[in-house]
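File shown here: protein37.txt, holding compact mmCIF, N, CA, C and O atoms.
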# COMPACT_ATOMS: atom_id res chain seq x y z
N MET U 190 118.75 -79.93 -219.56
CA MET U 190 117.45 -79.97 -220.21
C MET U 190 117.59 -79.80 -221.72
O MET U 190 116.86 -80.42 -222.47
N LEU U 191 118.52 -78.96 -222.15
CA LEU U 191 118.70 -78.75 -223.58
C LEU U 191 119.76 -79.68 -224.17
O LEU U 191 119.98 -79.67 -225.37
N GLY U 192 120.43 -80.41 -223.32
CA GLY U 192 121.49 -81.29 -223.79
C GLY U 192 122.81 -80.58 -224.00
O GLY U 192 123.72 -81.12 -224.62
N ILE U 193 122.93 -79.37 -223.51
CA ILE U 193 124.18 -78.61 -223.63
C ILE U 193 124.97 -78.79 -222.34
O ILE U 193 124.51 -78.42 -221.26
N THR U 194 126.15 -79.37 -222.46
CA THR U 194 126.93 -79.65 -221.26
C THR U 194 128.20 -78.82 -221.16
O THR U 194 128.72 -78.62 -220.07
N CYS U 195 128.69 -78.31 -222.27
CA CYS U 195 129.98 -77.60 -222.24
C CYS U 195 129.81 -76.13 -222.59
O CYS U 195 130.55 -75.57 -223.39
N LEU U 196 128.84 -75.48 -221.99
CA LEU U 196 128.60 -74.07 -222.24
C LEU U 196 129.23 -73.27 -221.10
O LEU U 196 128.85 -73.38 -219.95
N SER U 197 130.25 -72.48 -221.44
CA SER U 197 130.94 -71.72 -220.40
C SER U 197 130.48 -70.27 -220.40
O SER U 197 130.06 -69.73 -221.42
N THR U 198 130.56 -69.66 -219.25
CA THR U 198 130.19 -68.26 -219.07
C THR U 198 131.45 -67.47 -218.77
O THR U 198 132.21 -67.85 -217.87
N PRO U 199 131.72 -66.38 -219.51
CA PRO U 199 132.95 -65.63 -219.23
C PRO U 199 132.86 -64.91 -217.89
O PRO U 199 131.79 -64.48 -217.46
N ASP U 200 134.01 -64.80 -217.23
CA ASP U 200 134.05 -64.10 -215.96
C ASP U 200 134.24 -62.61 -216.20
O ASP U 200 134.41 -62.16 -217.32
N TYR U 201 134.23 -61.84 -215.13
CA TYR U 201 134.30 -60.38 -215.21
C TYR U 201 135.59 -59.92 -215.90
O TYR U 201 135.56 -59.02 -216.73
N THR U 202 136.71 -60.54 -215.59
CA THR U 202 137.99 -60.14 -216.18
C THR U 202 138.00 -60.36 -217.69
O THR U 202 138.46 -59.50 -218.44
N SER U 203 137.45 -61.47 -218.15
CA SER U 203 137.40 -61.74 -219.59
C SER U 203 136.53 -60.72 -220.31
O SER U 203 136.86 -60.25 -221.39
N ILE U 204 135.41 -60.36 -219.71
CA ILE U 204 134.52 -59.37 -220.32
C ILE U 204 135.21 -58.02 -220.41
O ILE U 204 135.13 -57.33 -221.42
N CYS U 205 135.92 -57.61 -219.34
CA CYS U 205 136.63 -56.32 -219.35
C CYS U 205 137.70 -56.28 -220.43
O CYS U 205 137.89 -55.27 -221.09
N LYS U 206 138.43 -57.37 -220.60
CA LYS U 206 139.47 -57.42 -221.64
C LYS U 206 138.86 -57.34 -223.03
O LYS U 206 139.42 -56.70 -223.91
N ARG U 207 137.73 -57.97 -223.24
CA ARG U 207 137.10 -57.98 -224.55
C ARG U 207 136.49 -56.63 -224.90
O ARG U 207 136.43 -56.25 -226.07
N THR U 208 136.02 -55.88 -223.91
CA THR U 208 135.39 -54.60 -224.21
C THR U 208 136.41 -53.56 -224.68
O THR U 208 136.03 -52.59 -225.33
N LYS U 209 137.68 -53.75 -224.36
CA LYS U 209 138.70 -52.80 -224.83
C LYS U 209 138.84 -52.85 -226.35
O LYS U 209 139.12 -51.84 -226.98
N THR U 210 138.63 -54.02 -226.94
CA THR U 210 138.79 -54.16 -228.39
C THR U 210 137.45 -54.18 -229.12
O THR U 210 137.42 -54.32 -230.34
N LEU U 211 136.36 -54.04 -228.40
CA LEU U 211 135.03 -54.07 -229.00
C LEU U 211 134.75 -52.75 -229.70
O LEU U 211 134.88 -51.68 -229.13
N ASP U 212 134.38 -52.83 -230.96
CA ASP U 212 134.08 -51.64 -231.75
C ASP U 212 132.56 -51.52 -231.89
O ASP U 212 131.93 -52.29 -232.62
N VAL U 213 131.99 -50.57 -231.18
CA VAL U 213 130.54 -50.36 -231.21
C VAL U 213 130.27 -49.08 -231.99
O VAL U 213 130.71 -48.00 -231.58
N PRO U 214 129.55 -49.18 -233.10
CA PRO U 214 129.24 -47.95 -233.85
C PRO U 214 128.20 -47.12 -233.12
O PRO U 214 127.17 -47.63 -232.68
N ILE U 215 128.49 -45.84 -232.96
CA ILE U 215 127.56 -44.92 -232.33
C ILE U 215 126.90 -44.10 -233.43
O ILE U 215 127.57 -43.40 -234.17
N MET U 216 125.57 -44.21 -233.49
CA MET U 216 124.84 -43.51 -234.54
C MET U 216 124.61 -42.06 -234.13
O MET U 216 124.16 -41.80 -233.02
N VAL U 217 124.92 -41.16 -235.02
CA VAL U 217 124.68 -39.74 -234.79
C VAL U 217 123.57 -39.32 -235.75
O VAL U 217 123.66 -39.52 -236.95
N TYR U 218 122.50 -38.75 -235.18
CA TYR U 218 121.35 -38.35 -235.97
C TYR U 218 121.46 -36.88 -236.35
O TYR U 218 121.90 -36.05 -235.56
N ASP U 219 121.02 -36.58 -237.55
CA ASP U 219 120.92 -35.20 -237.98
C ASP U 219 119.59 -34.64 -237.46
O ASP U 219 118.52 -35.16 -237.77
N ARG U 220 119.65 -33.61 -236.64
CA ARG U 220 118.44 -33.06 -236.03
C ARG U 220 117.50 -32.42 -237.05
O ARG U 220 116.34 -32.23 -236.78
N ARG U 221 118.02 -32.06 -238.22
CA ARG U 221 117.17 -31.46 -239.25
C ARG U 221 116.37 -32.51 -240.01
O ARG U 221 115.41 -32.19 -240.69
N GLU U 222 116.79 -33.75 -239.91
CA GLU U 222 116.12 -34.83 -240.63
C GLU U 222 114.78 -35.17 -239.96
O GLU U 222 114.69 -35.26 -238.74
N THR U 223 113.74 -35.35 -240.75
CA THR U 223 112.43 -35.72 -240.22
C THR U 223 112.46 -37.18 -239.81
O THR U 223 112.92 -38.03 -240.56
N ARG U 224 111.93 -37.45 -238.64
CA ARG U 224 111.97 -38.80 -238.10
C ARG U 224 110.58 -39.16 -237.58
O ARG U 224 109.88 -38.34 -237.00
N ARG U 225 110.18 -40.40 -237.77
CA ARG U 225 108.90 -40.88 -237.26
C ARG U 225 109.17 -41.66 -235.98
O ARG U 225 109.84 -42.69 -236.00
N LEU U 226 108.66 -41.13 -234.86
CA LEU U 226 108.85 -41.77 -233.56
C LEU U 226 107.55 -42.41 -233.09
O LEU U 226 106.48 -41.83 -233.24
N PHE U 227 107.68 -43.59 -232.53
CA PHE U 227 106.56 -44.26 -231.89
C PHE U 227 106.78 -44.15 -230.40
O PHE U 227 107.82 -44.56 -229.89
N ILE U 228 105.82 -43.58 -229.70
CA ILE U 228 105.96 -43.32 -228.27
C ILE U 228 104.91 -44.12 -227.52
O ILE U 228 103.73 -44.14 -227.89
N ASP U 229 105.35 -44.79 -226.46
CA ASP U 229 104.45 -45.58 -225.64
C ASP U 229 104.91 -45.47 -224.19
O ASP U 229 106.05 -45.14 -223.91
N SER U 230 103.99 -45.75 -223.28
CA SER U 230 104.36 -45.75 -221.87
C SER U 230 103.69 -46.94 -221.20
O SER U 230 102.66 -47.43 -221.65
N THR U 231 104.31 -47.39 -220.13
CA THR U 231 103.77 -48.52 -219.37
C THR U 231 104.04 -48.29 -217.90
O THR U 231 104.96 -47.57 -217.54
N GLY U 232 103.23 -48.89 -217.05
CA GLY U 232 103.40 -48.76 -215.62
C GLY U 232 104.22 -49.89 -215.05
O GLY U 232 104.14 -51.03 -215.51
N LEU U 233 105.02 -49.58 -214.06
CA LEU U 233 105.84 -50.58 -213.37
C LEU U 233 105.52 -50.52 -211.88
O LEU U 233 105.54 -49.45 -211.28
N LYS U 234 105.26 -51.66 -211.30
CA LYS U 234 105.00 -51.73 -209.88
C LYS U 234 106.33 -51.98 -209.17
O LYS U 234 107.09 -52.86 -209.56
N ILE U 235 106.59 -51.21 -208.14
CA ILE U 235 107.85 -51.34 -207.42
C ILE U 235 107.67 -52.34 -206.29
O ILE U 235 106.80 -52.19 -205.43
N PHE U 236 108.49 -53.38 -206.31
CA PHE U 236 108.46 -54.39 -205.26
C PHE U 236 109.63 -54.15 -204.32
O PHE U 236 110.69 -53.71 -204.71
N GLY U 237 109.42 -54.45 -203.08
CA GLY U 237 110.47 -54.30 -202.09
C GLY U 237 110.07 -55.04 -200.83
O GLY U 237 109.21 -55.92 -200.83
N GLU U 238 110.68 -54.68 -199.74
CA GLU U 238 110.40 -55.32 -198.46
C GLU U 238 108.94 -55.13 -198.06
O GLU U 238 108.33 -56.00 -197.46
N GLY U 239 108.37 -54.00 -198.40
CA GLY U 239 106.99 -53.72 -198.04
C GLY U 239 105.99 -54.70 -198.63
O GLY U 239 105.00 -55.05 -198.00
N GLU U 240 106.24 -55.15 -199.86
CA GLU U 240 105.34 -56.11 -200.51
C GLU U 240 105.31 -57.42 -199.74
O GLU U 240 104.27 -58.04 -199.58
N TRP U 241 106.46 -57.87 -199.26
CA TRP U 241 106.53 -59.10 -198.51
C TRP U 241 105.74 -58.97 -197.21
O TRP U 241 105.00 -59.86 -196.81
N LYS U 242 105.88 -57.83 -196.54
CA LYS U 242 105.17 -57.61 -195.29
C LYS U 242 103.66 -57.60 -195.50
O LYS U 242 102.90 -58.11 -194.68
N VAL U 243 103.20 -57.02 -196.61
CA VAL U 243 101.77 -56.99 -196.90
C VAL U 243 101.25 -58.41 -197.09
O VAL U 243 100.18 -58.77 -196.59
N LYS U 244 101.99 -59.27 -197.80
CA LYS U 244 101.55 -60.64 -198.01
C LYS U 244 101.56 -61.45 -196.72
O LYS U 244 100.69 -62.28 -196.49
N GLN U 245 102.56 -61.23 -195.87
CA GLN U 245 102.67 -62.00 -194.63
C GLN U 245 101.64 -61.57 -193.59
O GLN U 245 101.05 -62.40 -192.92
N HIS U 246 101.42 -60.28 -193.45
CA HIS U 246 100.60 -59.77 -192.37
C HIS U 246 99.24 -59.25 -192.82
O HIS U 246 98.48 -58.73 -192.02
N VAL U 247 98.95 -59.36 -194.11
CA VAL U 247 97.68 -58.96 -194.71
C VAL U 247 97.26 -57.56 -194.25
O VAL U 247 96.16 -57.34 -193.78
N SER U 248 98.17 -56.64 -194.36
CA SER U 248 97.85 -55.27 -194.01
C SER U 248 97.79 -54.44 -195.28
O SER U 248 98.36 -54.79 -196.30
N SER U 249 97.11 -53.35 -195.22
CA SER U 249 96.97 -52.48 -196.37
C SER U 249 98.15 -51.52 -196.45
O SER U 249 98.59 -50.98 -195.45
N LYS U 250 98.64 -51.34 -197.64
CA LYS U 250 99.78 -50.44 -197.85
C LYS U 250 99.64 -49.82 -199.23
O LYS U 250 99.22 -50.48 -200.17
N ARG U 251 100.01 -48.56 -199.35
CA ARG U 251 100.01 -47.92 -200.67
C ARG U 251 101.09 -48.54 -201.53
O ARG U 251 102.23 -48.64 -201.12
N ARG U 252 100.73 -48.91 -202.73
CA ARG U 252 101.70 -49.48 -203.65
C ARG U 252 102.38 -48.35 -204.41
O ARG U 252 101.77 -47.33 -204.72
N ALA U 253 103.65 -48.54 -204.71
CA ALA U 253 104.40 -47.53 -205.45
C ALA U 253 104.46 -47.94 -206.93
O ALA U 253 104.75 -49.08 -207.26
N TRP U 254 104.16 -46.99 -207.80
CA TRP U 254 104.18 -47.21 -209.24
C TRP U 254 105.07 -46.18 -209.91
O TRP U 254 105.20 -45.05 -209.45
N ARG U 255 105.69 -46.55 -211.01
CA ARG U 255 106.45 -45.64 -211.86
C ARG U 255 106.00 -45.88 -213.29
O ARG U 255 105.48 -46.94 -213.63
N LYS U 256 106.22 -44.89 -214.14
CA LYS U 256 105.91 -45.03 -215.57
C LYS U 256 107.20 -44.96 -216.36
O LYS U 256 108.08 -44.15 -216.07
N VAL U 257 107.28 -45.80 -217.37
CA VAL U 257 108.41 -45.77 -218.30
C VAL U 257 107.87 -45.33 -219.65
O VAL U 257 106.98 -45.97 -220.21
N HIS U 258 108.39 -44.22 -220.17
CA HIS U 258 108.00 -43.69 -221.47
C HIS U 258 109.14 -44.00 -222.44
O HIS U 258 110.30 -43.70 -222.16
N ILE U 259 108.81 -44.59 -223.58
CA ILE U 259 109.82 -45.02 -224.56
C ILE U 259 109.48 -44.45 -225.93
O ILE U 259 108.33 -44.51 -226.37
N ALA U 260 110.49 -43.89 -226.60
CA ALA U 260 110.34 -43.40 -227.97
C ALA U 260 111.22 -44.27 -228.88
O ALA U 260 112.42 -44.38 -228.66
N VAL U 261 110.61 -44.89 -229.88
CA VAL U 261 111.32 -45.79 -230.79
C VAL U 261 111.29 -45.19 -232.19
O VAL U 261 110.25 -44.72 -232.66
N ASP U 262 112.44 -45.19 -232.86
CA ASP U 262 112.55 -44.70 -234.23
C ASP U 262 111.85 -45.69 -235.15
O ASP U 262 112.15 -46.89 -235.12
N GLY U 263 110.92 -45.21 -235.98
CA GLY U 263 110.11 -46.08 -236.82
C GLY U 263 110.87 -46.76 -237.94
O GLY U 263 110.53 -47.86 -238.34
N SER U 264 111.92 -46.15 -238.46
CA SER U 264 112.64 -46.74 -239.58
C SER U 264 113.71 -47.74 -239.13
O SER U 264 113.85 -48.81 -239.71
N SER U 265 114.45 -47.42 -238.10
CA SER U 265 115.53 -48.32 -237.67
C SER U 265 115.14 -49.18 -236.48
O SER U 265 115.87 -50.09 -236.10
N LEU U 266 113.98 -48.91 -235.86
CA LEU U 266 113.49 -49.62 -234.69
C LEU U 266 114.46 -49.55 -233.51
O LEU U 266 114.50 -50.43 -232.66
N SER U 267 115.25 -48.49 -233.45
CA SER U 267 116.15 -48.29 -232.32
C SER U 267 115.48 -47.38 -231.30
O SER U 267 114.65 -46.54 -231.65
N ILE U 268 115.86 -47.53 -230.06
CA ILE U 268 115.29 -46.72 -228.99
C ILE U 268 115.92 -45.34 -229.07
O ILE U 268 117.14 -45.20 -229.01
N HIS U 269 115.10 -44.34 -229.20
CA HIS U 269 115.57 -42.97 -229.33
C HIS U 269 115.71 -42.29 -227.97
O HIS U 269 116.66 -41.58 -227.71
N ALA U 270 114.75 -42.52 -227.06
CA ALA U 270 114.80 -41.91 -225.74
C ALA U 270 113.96 -42.74 -224.77
O ALA U 270 112.99 -43.38 -225.16
N VAL U 271 114.36 -42.71 -223.50
CA VAL U 271 113.64 -43.39 -222.43
C VAL U 271 113.57 -42.45 -221.24
O VAL U 271 114.55 -41.79 -220.91
N GLU U 272 112.43 -42.40 -220.61
CA GLU U 272 112.24 -41.54 -219.43
C GLU U 272 111.43 -42.31 -218.40
O GLU U 272 110.42 -42.94 -218.73
N THR U 273 111.86 -42.29 -217.15
CA THR U 273 111.11 -42.89 -216.05
C THR U 273 110.56 -41.76 -215.19
O THR U 273 111.31 -40.89 -214.77
N THR U 274 109.24 -41.80 -214.94
CA THR U 274 108.59 -40.74 -214.16
C THR U 274 107.74 -41.37 -213.07
O THR U 274 107.52 -42.57 -213.05
N LYS U 275 107.23 -40.52 -212.21
CA LYS U 275 106.27 -40.99 -211.21
C LYS U 275 104.94 -41.25 -211.91
O LYS U 275 104.71 -40.82 -213.03
N ALA U 276 104.06 -41.94 -211.23
CA ALA U 276 102.80 -42.37 -211.83
C ALA U 276 101.85 -41.21 -212.14
O ALA U 276 100.95 -41.35 -212.96
N ASN U 277 102.06 -40.05 -211.51
CA ASN U 277 101.14 -38.94 -211.74
C ASN U 277 101.42 -38.17 -213.03
O ASN U 277 100.68 -37.27 -213.39
N VAL U 278 102.48 -38.51 -213.77
CA VAL U 278 102.78 -37.87 -215.06
C VAL U 278 101.98 -38.59 -216.14
O VAL U 278 102.08 -39.80 -216.30
N ASP U 279 101.16 -37.84 -216.88
CA ASP U 279 100.34 -38.48 -217.91
C ASP U 279 101.16 -38.73 -219.18
O ASP U 279 102.30 -38.30 -219.31
N ASP U 280 100.56 -39.48 -220.09
CA ASP U 280 101.27 -39.90 -221.31
C ASP U 280 101.65 -38.73 -222.19
O ASP U 280 102.71 -38.72 -222.80
N ALA U 281 100.80 -37.71 -222.27
CA ALA U 281 101.09 -36.55 -223.12
C ALA U 281 102.31 -35.79 -222.60
O ALA U 281 103.18 -35.39 -223.37
N GLU U 282 102.38 -35.58 -221.29
CA GLU U 282 103.53 -34.88 -220.72
C GLU U 282 104.81 -35.71 -220.87
O GLU U 282 105.88 -35.17 -221.15
N GLY U 283 104.70 -37.02 -220.73
CA GLY U 283 105.85 -37.90 -220.94
C GLY U 283 106.34 -37.86 -222.37
O GLY U 283 107.54 -37.88 -222.64
N ALA U 284 105.41 -37.77 -223.34
CA ALA U 284 105.79 -37.70 -224.75
C ALA U 284 106.52 -36.39 -225.04
O ALA U 284 107.52 -36.39 -225.78
N VAL U 285 106.06 -35.30 -224.46
CA VAL U 285 106.74 -34.02 -224.66
C VAL U 285 108.16 -34.07 -224.12
O VAL U 285 109.10 -33.58 -224.76
N ARG U 286 108.35 -34.69 -222.97
CA ARG U 286 109.70 -34.83 -222.40
C ARG U 286 110.61 -35.65 -223.31
O ARG U 286 111.78 -35.34 -223.47
N LEU U 287 110.05 -36.70 -223.93
CA LEU U 287 110.86 -37.54 -224.81
C LEU U 287 111.26 -36.80 -226.08
O LEU U 287 112.38 -36.94 -226.57
N ILE U 288 110.36 -36.03 -226.63
CA ILE U 288 110.64 -35.31 -227.89
C ILE U 288 111.69 -34.24 -227.66
O ILE U 288 112.54 -33.99 -228.53
N ARG U 289 111.70 -33.62 -226.51
CA ARG U 289 112.66 -32.56 -226.22
C ARG U 289 114.08 -33.10 -226.02
O ARG U 289 115.03 -32.35 -226.08
N ARG U 290 114.24 -34.36 -225.77
CA ARG U 290 115.57 -34.94 -225.53
C ARG U 290 116.40 -34.99 -226.76
O ARG U 290 116.13 -35.05 -227.83
What would the structure in this file look like if it were written as structure tokens?
Amino acid sequence: MLGITCLSTPDYTSICKRTKTLDVPIMVYDRRETRRLFIDSTGLKIFGEGEWKVKQHVSSKRRAWRKVHIAVDGSSLSIHAVETTKANVDDAEGAVRLIRR
């Protein structure tokens, strides 16, 4: 569709060999430094075998939900912390958990 015919995908062995020489800088933050964090949360619906059964047999079933809370550093736009909780945890409690990390 894109006209690309010779695009190869590396196999697992090639990726493992390349990661040995890969230099990834790890940022270390000074905890005394003031930082502006943007915190947001979103809901995720869990799909599994049960969802298929509900669609096939039109039966009622409780859906499972989880929340993902994300804290992003405002200056570097890097993810500072991520927390996954059950749906009954509100946004304020999720934010407190992220700040404590």
When you count only N, CA, C and O atoms, which of these residues is closest to Phe227 (chain U): U:Ala281, U:Val213, U:Ile259, U:Ile193?
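Among the listed residues, the smallest separation from Phe227 (chain U) belongs to U:Ile259.
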ask   = Skipping near chain neighbours, those fewer than 4 positions away, what residues fall within 8 Å of Ser264 (chain U) using all atoms listed in the file, listed as a ChimeraX atom specification?
value = /U:224-227
Out of U:Ser230, U:Asn277, U:Gln245, U:Thr210, which residue has the shortest atom-to-atom distance to His258 (chain U) when counting all atoms listed in the file?
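Among the listed residues, the smallest separation from His258 (chain U) belongs to U:Ser230.
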Name the residues in contact with region 265-274 of chain U at a cut-off of 7 Å, using all atoms listed in the file, excluding same-chain residues fewer than 2 positions from it; report them as a PDB file with N, CA, C and O atoms, in the frame of the given file.
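Below is the file that was written, result31.pdb:
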ATOM      1  N   ARG U 225     110.180 -40.400-237.770  1.00  0.00           N
ATOM      2  CA  ARG U 225     108.900 -40.880-237.260  1.00  0.00           C
ATOM      3  C   ARG U 225     109.170 -41.660-235.980  1.00  0.00           C
ATOM      4  O   ARG U 225     109.840 -42.690-236.000  1.00  0.00           O
ATOM      5  N   TRP U 254     104.160 -46.990-207.800  1.00  0.00           N
ATOM      6  CA  TRP U 254     104.180 -47.210-209.240  1.00  0.00           C
ATOM      7  C   TRP U 254     105.070 -46.180-209.910  1.00  0.00           C
ATOM      8  O   TRP U 254     105.200 -45.050-209.450  1.00  0.00           O
ATOM      9  N   ARG U 255     105.690 -46.550-211.010  1.00  0.00           N
ATOM     10  CA  ARG U 255     106.450 -45.640-211.860  1.00  0.00           C
ATOM     11  C   ARG U 255     106.000 -45.880-213.290  1.00  0.00           C
ATOM     12  O   ARG U 255     105.480 -46.940-213.630  1.00  0.00           O
ATOM     13  N   LYS U 256     106.220 -44.890-214.140  1.00  0.00           N
ATOM     14  CA  LYS U 256     105.910 -45.030-215.570  1.00  0.00           C
ATOM     15  C   LYS U 256     107.200 -44.960-216.360  1.00  0.00           C
ATOM     16  O   LYS U 256     108.080 -44.150-216.070  1.00  0.00           O
ATOM     17  N   VAL U 257     107.280 -45.800-217.370  1.00  0.00           N
ATOM     18  CA  VAL U 257     108.410 -45.770-218.300  1.00  0.00           C
ATOM     19  C   VAL U 257     107.870 -45.330-219.650  1.00  0.00           C
ATOM     20  O   VAL U 257     106.980 -45.970-220.210  1.00  0.00           O
ATOM     21  N   HIS U 258     108.390 -44.220-220.170  1.00  0.00           N
ATOM     22  CA  HIS U 258     108.000 -43.690-221.470  1.00  0.00           C
ATOM     23  C   HIS U 258     109.140 -44.000-222.440  1.00  0.00           C
ATOM     24  O   HIS U 258     110.300 -43.700-222.160  1.00  0.00           O
ATOM     25  N   ILE U 259     108.810 -44.590-223.580  1.00  0.00           N
ATOM     26  CA  ILE U 259     109.820 -45.020-224.560  1.00  0.00           C
ATOM     27  C   ILE U 259     109.480 -44.450-225.930  1.00  0.00           C
ATOM     28  O   ILE U 259     108.330 -44.510-226.370  1.00  0.00           O
ATOM     29  N   ALA U 260     110.490 -43.890-226.600  1.00  0.00           N
ATOM     30  CA  ALA U 260     110.340 -43.400-227.970  1.00  0.00           C
ATOM     31  C   ALA U 260     111.220 -44.270-228.880  1.00  0.00           C
ATOM     32  O   ALA U 260     112.420 -44.380-228.660  1.00  0.00           O
ATOM     33  N   VAL U 261     110.610 -44.890-229.880  1.00  0.00           N
ATOM     34  CA  VAL U 261     111.320 -45.790-230.790  1.00  0.00           C
ATOM     35  C   VAL U 261     111.290 -45.190-232.190  1.00  0.00           C
ATOM     36  O   VAL U 261     110.250 -44.720-232.660  1.00  0.00           O
ATOM     37  N   ASP U 262     112.440 -45.190-232.860  1.00  0.00           N
ATOM     38  CA  ASP U 262     112.550 -44.700-234.230  1.00  0.00           C
ATOM     39  C   ASP U 262     111.850 -45.690-235.150  1.00  0.00           C
ATOM     40  O   ASP U 262     112.150 -46.890-235.120  1.00  0.00           O
ATOM     41  N   GLY U 263     110.920 -45.210-235.980  1.00  0.00           N
ATOM     42  CA  GLY U 263     110.110 -46.080-236.820  1.00  0.00           C
ATOM     43  C   GLY U 263     110.870 -46.760-237.940  1.00  0.00           C
ATOM     44  O   GLY U 263     110.530 -47.860-238.340  1.00  0.00           O
ATOM     45  N   ALA U 276     104.060 -41.940-211.230  1.00  0.00           N
ATOM     46  CA  ALA U 276     102.800 -42.370-211.830  1.00  0.00           C
ATOM     47  C   ALA U 276     101.850 -41.210-212.140  1.00  0.00           C
ATOM     48  O   ALA U 276     100.950 -41.350-212.960  1.00  0.00           O
ATOM     49  N   ASN U 277     102.060 -40.050-211.510  1.00  0.00           N
ATOM     50  CA  ASN U 277     101.140 -38.940-211.740  1.00  0.00           C
ATOM     51  C   ASN U 277     101.420 -38.170-213.030  1.00  0.00           C
ATOM     52  O   ASN U 277     100.680 -37.270-213.390  1.00  0.00           O
ATOM     53  N   VAL U 278     102.480 -38.510-213.770  1.00  0.00           N
ATOM     54  CA  VAL U 278     102.780 -37.870-215.060  1.00  0.00           C
ATOM     55  C   VAL U 278     101.980 -38.590-216.140  1.00  0.00           C
ATOM     56  O   VAL U 278     102.080 -39.800-216.300  1.00  0.00           O
ATOM     57  N   GLY U 283     104.700 -37.020-220.730  1.00  0.00           N
ATOM     58  CA  GLY U 283     105.850 -37.900-220.940  1.00  0.00           C
ATOM     59  C   GLY U 283     106.340 -37.860-222.370  1.00  0.00           C
ATOM     60  O   GLY U 283     107.540 -37.880-222.640  1.00  0.00           O
ATOM     61  N   LEU U 287     110.050 -36.700-223.930  1.00  0.00           N
ATOM     62  CA  LEU U 287     110.860 -37.540-224.810  1.00  0.00           C
ATOM     63  C   LEU U 287     111.260 -36.800-226.080  1.00  0.00           C
ATOM     64  O   LEU U 287     112.380 -36.940-226.570  1.00  0.00           O
ATOM     65  N   ARG U 290     114.240 -34.360-225.770  1.00  0.00           N
ATOM     66  CA  ARG U 290     115.570 -34.940-225.530  1.00  0.00           C
ATOM     67  C   ARG U 290     116.400 -34.990-226.760  1.00  0.00           C
ATOM     68  O   ARG U 290     116.130 -35.050-227.830  1.00  0.00           O
TER      69      ARG U 290
END
With distances taken over only N, CA, C and O atoms, the candidate from U:Arg286, U:Thr208, U:Ala253, U:Pro214 nearest Lys234 (chain U) is U:Ala253
Which of chain U fall in alpha helix (DSSP H), as a list of chain:residue names =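 Answer for chain U, restricted to alpha helix (DSSP H): U:Tyr201, U:Thr202, U:Ser203, U:Ile204, U:Cys205, U:Lys206, U:Arg207, U:Thr208, U:Lys209, U:Thr210, U:Glu238, U:Gly239, U:Glu240, U:Trp241, U:Lys242, U:Val243, U:Lys244, U:Gln245, U:His246, U:Asp280, U:Ala281, U:Glu282, U:Gly283, U:Ala284, U:Val285, U:Arg286, U:Leu287, U:Ile288, U:Arg289.
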- Query: Just asking: which residues within chain U are strand (DSSP E or B) according to DSSP, as an MDAnalysis selection string?
  - Reply: chainID U and resid 226:234 254:262 268:275
One decimal place gives the atom C of Met216 (chain U)-CA of Leu233 (chain U) separation as 29.3 Å
Could you tell me how far atom N of Arg207 (chain U) lies from atom N of Cys195 (chain U), in Å and to one decimal?
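The value is 22.3 Å.
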- Task: Enter the distance from atom C of Glu222 (chain U) to atom O of Val285 (chain U), in Å, rounded to one decimal.
- Result: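 Atom O of Val285 (chain U) lies 16.3 Å from atom C of Glu222 (chain U).
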